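These notes concern the structure reproduced below.
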Amino acid sequence: MTKKSLSLTLILAMLPFVGAASPATPAAPQSATPSSVTSSVASPVRGDYVEARTASVFAGACHYNGERVTEGRSAVLAWRISGGAFNGVDLAGVKLVAAVVCDDNLAEAGAARKSEFVVDASTDQQATAAVAWAKSKVGDQLGQVGTVRREAVTFRHDADEYQMTAAGFATMKVQAMPDAACCSQPHLVWYQPLMPITARRVGYTVSAAYTGHANDAWNRSDENSAIYGNF
């Protein structure tokens, strides 16, 4: 046997021992997140919003000035939450209605005001969290919050119309203004929404009323006194 063939034979014979002497390093385990583990980041609360005031939001200057001092001291605010959580509580499906009354026009930031709530929620915990969320958003607008009741609330948003009913407390029927006039003539919009919202529009109030017992009842209709949008 030649030297060349002898060397080749020795190399081939040693190959199995090379693999055994150097065991493969096991792959590092992958860190998998169980499906039951949820993110600790709170999910933003989102949904539909509509409010109606006792003063025209969109009007001519003379009409606005005529109402500014004596009107616009009350409003009904309504939220329909489609998703999100607050203080660790899921608020999807909750509907809230607040009735606010102020010593002056609601546009006066320093004027004293008070409010009450009706909340349509599955549990007391959900209702409490929903009101706490509303306070975190519009606490200054709500002022002193009084009665909070869990009652059924109907809130419908169909195309360009909103309808809200909280029996024995408040109702609203609001429609979009023709030709989105509030956008083409912004100089005739005198009030901003009490709630921070996106896609803000002024609405035509077919009817709006507060029929609770904590404050004086009121009823408005056929005026551009509503604002709606998303949060």
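Residue numbering restarts at 1 in every chain; chains get A, B, ... in the order shown in the structure tokens, and ligands count up from 1 in that same order.
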So that I can see what lies close to Tyr204 (chain A), please list as an mmCIF file with N, CA and C atoms, in the first residue's frame the residues with an atom at most 8 Å from it, counting only C-alpha atoms and leaving out residues fewer than 4 positions away in the same chain.
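What landed in selection-v9.cif:
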```cif
data_model
loop_
_atom_site.group_PDB
_atom_site.id
_atom_site.type_symbol
_atom_site.label_atom_id
_atom_site.label_comp_id
_atom_site.auth_asym_id
_atom_site.auth_seq_id
_atom_site.Cartn_x
_atom_site.Cartn_y
_atom_site.Cartn_z
ATOM 1 N N VAL A 174 -80.090 63.564 16.655
ATOM 2 C CA VAL A 174 -79.214 64.526 15.982
ATOM 3 C C VAL A 174 -78.909 64.038 14.572
ATOM 4 N N GLN A 175 -78.946 64.956 13.624
ATOM 5 C CA GLN A 175 -78.642 64.625 12.232
ATOM 6 C C GLN A 175 -77.502 65.502 11.720
ATOM 7 N N ALA A 176 -76.830 65.013 10.696
ATOM 8 C CA ALA A 176 -75.767 65.799 10.074
ATOM 9 C C ALA A 176 -76.361 67.032 9.402
ATOM 10 N N MET A 177 -75.620 68.128 9.423
ATOM 11 C CA MET A 177 -76.066 69.332 8.733
ATOM 12 C C MET A 177 -75.923 69.147 7.223
ATOM 13 N N ASP A 222 -84.972 71.614 16.613
ATOM 14 C CA ASP A 222 -84.871 72.379 15.365
ATOM 15 C C ASP A 222 -83.824 73.488 15.418
ATOM 16 N N GLU A 223 -82.608 73.123 15.824
ATOM 17 C CA GLU A 223 -81.516 74.090 15.846
ATOM 18 C C GLU A 223 -80.183 73.349 15.708
ATOM 19 N N ASN A 224 -79.161 74.085 15.333
ATOM 20 C CA ASN A 224 -77.817 73.499 15.138
ATOM 21 C C ASN A 224 -77.032 73.549 16.453
ATOM 22 N N SER A 225 -77.501 72.776 17.428
ATOM 23 C CA SER A 225 -76.953 72.871 18.784
ATOM 24 C C SER A 225 -76.215 71.604 19.237
ATOM 25 N N ALA A 226 -75.896 70.727 18.304
ATOM 26 C CA ALA A 226 -75.232 69.463 18.653
ATOM 27 C C ALA A 226 -73.837 69.390 18.045
#
```
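All residues of region 108-208 of chain A that DSSP, run on the backbone, classes as alpha helix (DSSP H) are Asp124, Gln125, Gln126, Ala127, Thr128, Ala129, Ala130, Val131, Ala132, Trp133, Ala134, Lys135, Ser136, Lys137, Val138, Gly139, Asp140, Gln141, Leu142, Ala181, Cys182, Cys183 and Ser184 of chain A.
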Q.
Excluding Asn230 (chain A) and its own-chain neighbours fewer than 2 positions away, which residues fall within 9 Å of it when counting only C-alpha atoms? Please give them as a list of chain:residue names.
A. A:Arg46, A:Gly47, A:Asp48, A:Tyr49, A:Val50, A:Pro196, A:Ile197, A:Thr198, A:Ala199, A:Arg200, A:Tyr228
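Using only C-alpha atoms, the shortest contact distance between Tyr210 (chain A) and any of A:Val131, A:Ala166, A:Val138, A:Val145 is found at A:Ala166.
Proximity of A:Thr54, A:Thr154, A:Gln144, A:Ala127 to Asn105 (chain A), computed with only C-alpha atoms, is greatest for A:Thr54.
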Q.
Write out as a VMD selection string the set of residues from region 51-124 of chain A that DSSP, computed on the backbone, places in strand (DSSP E).
A. chain A and resid 51 to 53 74 to 83 85 to 86 89 to 90 95 to 102 113 to 120
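By only C-alpha atoms, and with residues fewer than 5 positions from Asp90 (chain A) along its chain excluded, the set lying at most 10 Å from it is Ala42, Ser43, Val45, Gly83, Gly84, Ala85, Gln125, Gln126, Ala129 and Ala130 of chain A.
Contact shell of region 184-193 of chain A at 6 Å (only C-alpha atoms; same-chain neighbours under 2 positions omitted): Val57, Phe58, Ala59, Ala181, Cys182 and Met195 of chain A.
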Write out, as a PDB file, in the first residue's frame, the residues just selected, with N, CA and C atoms.
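Output saved as again_37.pdb:
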```pdb
ATOM      1  N   VAL A  57     -74.809  76.013  18.313  1.00  0.00           N
ATOM      2  CA  VAL A  57     -73.360  75.924  18.115  1.00  0.00           C
ATOM      3  C   VAL A  57     -72.976  76.584  16.799  1.00  0.00           C
ATOM      4  N   PHE A  58     -73.817  76.418  15.792  1.00  0.00           N
ATOM      5  CA  PHE A  58     -73.591  77.004  14.467  1.00  0.00           C
ATOM      6  C   PHE A  58     -74.740  77.970  14.186  1.00  0.00           C
ATOM      7  N   ALA A  59     -74.411  79.255  14.042  1.00  0.00           N
ATOM      8  CA  ALA A  59     -75.455  80.268  13.848  1.00  0.00           C
ATOM      9  C   ALA A  59     -74.808  81.571  13.396  1.00  0.00           C
ATOM     10  N   ALA A 181     -72.110  72.191   6.403  1.00  0.00           N
ATOM     11  CA  ALA A 181     -71.953  73.648   6.441  1.00  0.00           C
ATOM     12  C   ALA A 181     -70.978  74.104   7.517  1.00  0.00           C
ATOM     13  N   CYS A 182     -70.866  73.326   8.594  1.00  0.00           N
ATOM     14  CA  CYS A 182     -69.948  73.734   9.666  1.00  0.00           C
ATOM     15  C   CYS A 182     -68.496  73.706   9.212  1.00  0.00           C
ATOM     16  N   MET A 195     -66.013  67.394  24.932  1.00  0.00           N
ATOM     17  CA  MET A 195     -65.153  66.210  24.963  1.00  0.00           C
ATOM     18  C   MET A 195     -64.158  66.282  23.807  1.00  0.00           C
TER      19      MET A 195
END
```
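Considering the residues A:Ala109, A:Thr205, A:Gly168, A:Trp218 and counting only C-alpha atoms, Glu71 (chain A) has its shortest atom-to-atom contact with A:Trp218.
If you look at CA of Ala107 (chain A) and CA of Asp158 (chain A), they are 29.3 Å away from each other.
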Q | Nearest candidate to Ile81 (chain A) (options A:Val100, A:Ala52, A:Ala121, A:Ala111; using only C-alpha atoms) | A | A:Ala121
Contacts between region 73-77 of chain A and region 113-161 of chain A, please, where a residue of region 113-161 of chain A counts if it comes within 12 Å (with only C-alpha atoms); show its shortest atom pair and distance in Å to one decimal, rows by chain and ascending number, as CSV.
```
residue,atom,partner,partner_atom,distance
A:Arg113,CA,A:Arg73,CA,9.0
A:Lys114,CA,A:Ser74,CA,9.8
A:Ser115,CA,A:Val76,CA,9.5
A:Glu116,CA,A:Val76,CA,10.0
A:Phe117,CA,A:Leu77,CA,9.5
A:Val118,CA,A:Leu77,CA,10.6
A:Val119,CA,A:Leu77,CA,11.8
A:Ala134,CA,A:Leu77,CA,10.5
A:Val138,CA,A:Leu77,CA,10.6
A:Gln141,CA,A:Ala75,CA,10.3
A:Leu142,CA,A:Leu77,CA,9.9
A:Phe155,CA,A:Leu77,CA,11.6
```
